[in-house]
Amino acid sequence: MFSPIARRLFLIFITTFCVIQLYAHSSPAVLGATSDPDVDVTAAKIANQVTVRILTQSGSGSGVVIKREGQTYTVLTNNHVVADSPEDGYGILTADDKIYQGQQVNGVNTKKLDLALVKFTSPQDYQVVKLPKSKAISEGETVYASGFPAWHFVFKGKKITKMEETRNWGVKAFQVKPGTIKMQITKTLPGGYQLGNTNDIFQGMSGGPALNQQGELIGINGLLKYPFQGIEAFTFTDGTIPKEEDYLQMESLSWAIPIDNVLAFLQEQEVVKEDKT
């Protein structure tokens with residue numbers, strides 16, 4: 001809908017002015033998992049059950065329920081989502097529209113992945129995401145990204161006529177976005193990002209799961225399309241930058257941390273005890 005330049009300016013606008021609430025939330029439109037006809041119903045149902053919203057002091061993000069021990073649930077998300085005042089805790093919005101108090105789990109992160117764990121306690125029965133039987137991911141594979149966009153935009157043609165914050169929308173803010181895997185880079189972007197996909201990820205969906213058609217976890221979302229930093233956003237961990245033709249493709253994609261990096265993190269945190277192959 002937007003040119004790359006227009007979209008980058010649009011994202012700068014969102015980043016700069018997100019602290020301003022422009023409109024009241026009198027009658028929000030429902031952003032349900034079935035609102036997109038390209039979404040597989042089974043995958044959407046699983047995404048809806050395993051995805052949570054993480055409410056911080058100054059913003060929000062998304063996460064996925066990764067483990068249950070008794071009444072204690074562990075949520076996997078991006079580190080940049082929970083870096084805001086971890087001592088104050090977080091609100092965890094679950095699929096049944098309940099909000100629980102959550103606390104970050106402190107642990108070693110030797111690979112400096114953009115991943116973190118948050119725990120909350122509940123007597124309710126919440127679904128835990130399934131890990132894949134294989135870590136293999138193929139280009140062209142269908143992928144579903146789920147989460148809670150922080151903002152809802154109403155368009156008239158290509159003009160934004162209304163902008164609403166979704167913080168108080170509860171589960172009505174939930175969305176599932178379909179897409180395909182387009183790139184798997186051998187070098188690593190900061191935070192462990194290597195999986196480029198066509199899914200439309202918006203602010204607030206960071207930390208949410210990337211699921212395959214079986215509803216299994218294949219990645220954690222976190223980088224938006226057309227970052228305003230330009231090519232600097234794609235500086236690899238070895239200090240190099242991509243070739244121009246590669247950069248032009250990379251900037252048009254959303255990026256996720258792939259399942260092999262996710263599993264390495266979970267093993268280091270002792271959430272899973274052995275590699276899933």
# chains A, B, ... in the order shown; residues from 1 in each chain; ligands from 1
>>> residues_around(residues="Met250 in chain A", least_positions_apart="3", cutoff="10 Å", atoms="only C-alpha atoms", output="number ranges by chain")
A: 182-183, 185, 195-197, 225-226, 231, 234, 242, 244-247, 253-255
>>> select_by_dssp(residues="range 35-253 of chain A", states="strand (DSSP E)", output="PyMOL selection string")
chain A and resi 51-55+60-69+72-77+90-93+99-105+116-121+142-147+151-156+159-165+175-189+193-197+209-211+217-223
>>> write_last_selection(atoms="C-alpha atoms", output="PDB file, in the first residue's frame")
ATOM      1  CA  THR A  51      -0.263 -15.744  22.551  1.00  0.00           C
ATOM      2  CA  VAL A  52      -0.349 -13.243  25.410  1.00  0.00           C
ATOM      3  CA  ARG A  53       0.005  -9.496  25.647  1.00  0.00           C
ATOM      4  CA  ILE A  54       2.668  -7.992  27.905  1.00  0.00           C
ATOM      5  CA  LEU A  55       1.779  -4.608  29.364  1.00  0.00           C
ATOM      6  CA  SER A  60       3.229  -3.135  25.373  1.00  0.00           C
ATOM      7  CA  GLY A  61       4.432  -6.168  23.477  1.00  0.00           C
ATOM      8  CA  SER A  62       3.468  -9.761  22.900  1.00  0.00           C
ATOM      9  CA  GLY A  63       4.656 -13.177  24.052  1.00  0.00           C
ATOM     10  CA  VAL A  64       3.953 -16.888  23.841  1.00  0.00           C
ATOM     11  CA  VAL A  65       3.242 -19.384  26.630  1.00  0.00           C
ATOM     12  CA  ILE A  66       6.212 -21.744  26.492  1.00  0.00           C
ATOM     13  CA  LYS A  67       5.926 -23.827  29.684  1.00  0.00           C
ATOM     14  CA  ARG A  68       3.664 -24.745  32.588  1.00  0.00           C
ATOM     15  CA  GLU A  69       4.696 -26.087  35.994  1.00  0.00           C
ATOM     16  CA  THR A  72       3.200 -21.237  37.144  1.00  0.00           C
ATOM     17  CA  TYR A  73       3.370 -20.296  33.470  1.00  0.00           C
ATOM     18  CA  THR A  74       6.476 -19.174  31.615  1.00  0.00           C
ATOM     19  CA  VAL A  75       6.149 -16.733  28.717  1.00  0.00           C
ATOM     20  CA  LEU A  76       8.796 -16.236  26.020  1.00  0.00           C
ATOM     21  CA  THR A  77       9.109 -12.746  24.526  1.00  0.00           C
ATOM     22  CA  TYR A  90       4.237  -6.500  33.959  1.00  0.00           C
ATOM     23  CA  GLY A  91       0.609  -7.165  33.209  1.00  0.00           C
ATOM     24  CA  ILE A  92       0.063 -10.424  31.305  1.00  0.00           C
ATOM     25  CA  LEU A  93      -3.158 -10.498  29.268  1.00  0.00           C
ATOM     26  CA  ILE A  99      -4.652  -9.863  33.374  1.00  0.00           C
ATOM     27  CA  TYR A 100      -2.056 -11.340  35.733  1.00  0.00           C
ATOM     28  CA  GLN A 101       0.964  -9.840  37.420  1.00  0.00           C
ATOM     29  CA  GLY A 102       4.152 -11.062  35.767  1.00  0.00           C
ATOM     30  CA  GLN A 103       7.823 -10.910  36.700  1.00  0.00           C
ATOM     31  CA  GLN A 104      10.889 -11.253  34.504  1.00  0.00           C
ATOM     32  CA  VAL A 105      13.044 -14.342  35.006  1.00  0.00           C
ATOM     33  CA  ALA A 116      13.515 -12.999  27.701  1.00  0.00           C
ATOM     34  CA  LEU A 117      11.247 -14.991  30.016  1.00  0.00           C
ATOM     35  CA  VAL A 118       8.371 -13.748  32.159  1.00  0.00           C
ATOM     36  CA  LYS A 119       6.425 -15.836  34.670  1.00  0.00           C
ATOM     37  CA  PHE A 120       2.901 -15.502  36.036  1.00  0.00           C
ATOM     38  CA  THR A 121       0.738 -17.649  38.288  1.00  0.00           C
ATOM     39  CA  THR A 142       3.695 -20.551   5.239  1.00  0.00           C
ATOM     40  CA  VAL A 143       4.105 -18.798   8.582  1.00  0.00           C
ATOM     41  CA  TYR A 144       1.585 -17.171  10.920  1.00  0.00           C
ATOM     42  CA  ALA A 145       2.605 -14.253  13.139  1.00  0.00           C
ATOM     43  CA  SER A 146       0.371 -13.343  16.059  1.00  0.00           C
ATOM     44  CA  GLY A 147       0.323 -10.587  18.629  1.00  0.00           C
ATOM     45  CA  TRP A 151      -2.256   0.984  17.528  1.00  0.00           C
ATOM     46  CA  HIS A 152      -5.239   0.675  15.228  1.00  0.00           C
ATOM     47  CA  PHE A 153      -5.429   2.876  12.144  1.00  0.00           C
ATOM     48  CA  VAL A 154      -8.611   3.703  10.267  1.00  0.00           C
ATOM     49  CA  PHE A 155      -8.043   4.499   6.595  1.00  0.00           C
ATOM     50  CA  LYS A 156     -10.059   6.364   4.012  1.00  0.00           C
ATOM     51  CA  LYS A 159      -5.256   8.505   4.205  1.00  0.00           C
ATOM     52  CA  ILE A 160      -5.228   7.781   7.942  1.00  0.00           C
ATOM     53  CA  THR A 161      -8.417   9.272   9.371  1.00  0.00           C
ATOM     54  CA  LYS A 162      -8.191   7.889  12.892  1.00  0.00           C
ATOM     55  CA  MET A 163      -5.538   6.441  15.182  1.00  0.00           C
ATOM     56  CA  GLU A 164      -6.480   4.513  18.315  1.00  0.00           C
ATOM     57  CA  GLU A 165      -4.316   3.035  21.062  1.00  0.00           C
ATOM     58  CA  GLN A 175      -4.338 -10.296  15.359  1.00  0.00           C
ATOM     59  CA  VAL A 176      -2.895 -13.122  13.283  1.00  0.00           C
ATOM     60  CA  LYS A 177      -0.956 -12.198  10.142  1.00  0.00           C
ATOM     61  CA  PRO A 178      -0.210 -14.789   7.431  1.00  0.00           C
ATOM     62  CA  GLY A 179       2.930 -14.740   5.317  1.00  0.00           C
ATOM     63  CA  THR A 180       5.760 -16.801   3.897  1.00  0.00           C
ATOM     64  CA  ILE A 181       9.422 -17.326   4.692  1.00  0.00           C
ATOM     65  CA  LYS A 182      11.476 -15.407   2.124  1.00  0.00           C
ATOM     66  CA  MET A 183      15.030 -15.340   3.508  1.00  0.00           C
ATOM     67  CA  GLN A 184      17.164 -17.358   5.903  1.00  0.00           C
ATOM     68  CA  ILE A 185      20.478 -15.574   6.277  1.00  0.00           C
ATOM     69  CA  THR A 186      23.620 -17.389   7.379  1.00  0.00           C
ATOM     70  CA  LYS A 187      25.000 -14.315   9.120  1.00  0.00           C
ATOM     71  CA  THR A 188      23.171 -13.071  12.204  1.00  0.00           C
ATOM     72  CA  LEU A 189      21.609  -9.700  12.904  1.00  0.00           C
ATOM     73  CA  TYR A 193      17.444 -12.430  13.933  1.00  0.00           C
ATOM     74  CA  GLN A 194      17.906 -14.558  10.798  1.00  0.00           C
ATOM     75  CA  LEU A 195      14.409 -15.380   9.526  1.00  0.00           C
ATOM     76  CA  GLY A 196      12.896 -12.929   6.999  1.00  0.00           C
ATOM     77  CA  ASN A 197       9.183 -13.220   6.258  1.00  0.00           C
ATOM     78  CA  PRO A 209       5.166 -16.277  18.027  1.00  0.00           C
ATOM     79  CA  ALA A 210       5.807 -17.245  14.429  1.00  0.00           C
ATOM     80  CA  LEU A 211       3.936 -20.513  13.891  1.00  0.00           C
ATOM     81  CA  LEU A 217       6.663 -22.503  17.166  1.00  0.00           C
ATOM     82  CA  ILE A 218       9.276 -21.734  14.503  1.00  0.00           C
ATOM     83  CA  GLY A 219      10.379 -18.285  15.632  1.00  0.00           C
ATOM     84  CA  ILE A 220       9.845 -15.154  17.709  1.00  0.00           C
ATOM     85  CA  ASN A 221       8.952 -11.939  15.889  1.00  0.00           C
ATOM     86  CA  GLY A 222      10.702  -8.683  16.644  1.00  0.00           C
ATOM     87  CA  LEU A 223      11.897  -6.546  13.704  1.00  0.00           C
TER      88      LEU A 223
END
>>> atom_distance(atom1="CA of Gln57 in chain A", atom2="CA of Val82 in chain A")
9.6 Å
>>> closest_residue(among="A:Thr166, A:Asn79, A:Gln214, A:Gln127", to="Val50 in chain A", atoms="only C-alpha atoms")
A:Gln127
>>> residues_around(residues="Val272 in chain A", least_positions_apart="5", cutoff="10 Å", atoms="only C-alpha atoms", output="JSON, numbers by chain")
{"A": [66, 67, 263, 264, 265, 266, 267]}
>>> write_last_selection(atoms="C-alpha atoms", output="short mmCIF file (atom, residue, chain, number, x, y, z; two decimals), in the first residue's frame")
data_model
loop_
_atom_site.label_atom_id
_atom_site.label_comp_id
_atom_site.auth_asym_id
_atom_site.auth_seq_id
_atom_site.Cartn_x
_atom_site.Cartn_y
_atom_site.Cartn_z
CA ILE A 66 6.21 -21.74 26.49
CA LYS A 67 5.93 -23.83 29.68
CA LEU A 263 15.88 -23.50 21.53
CA ALA A 264 19.48 -22.60 22.36
CA PHE A 265 18.16 -19.83 24.62
CA LEU A 266 15.56 -22.10 26.25
CA GLN A 267 18.19 -24.75 26.92
#
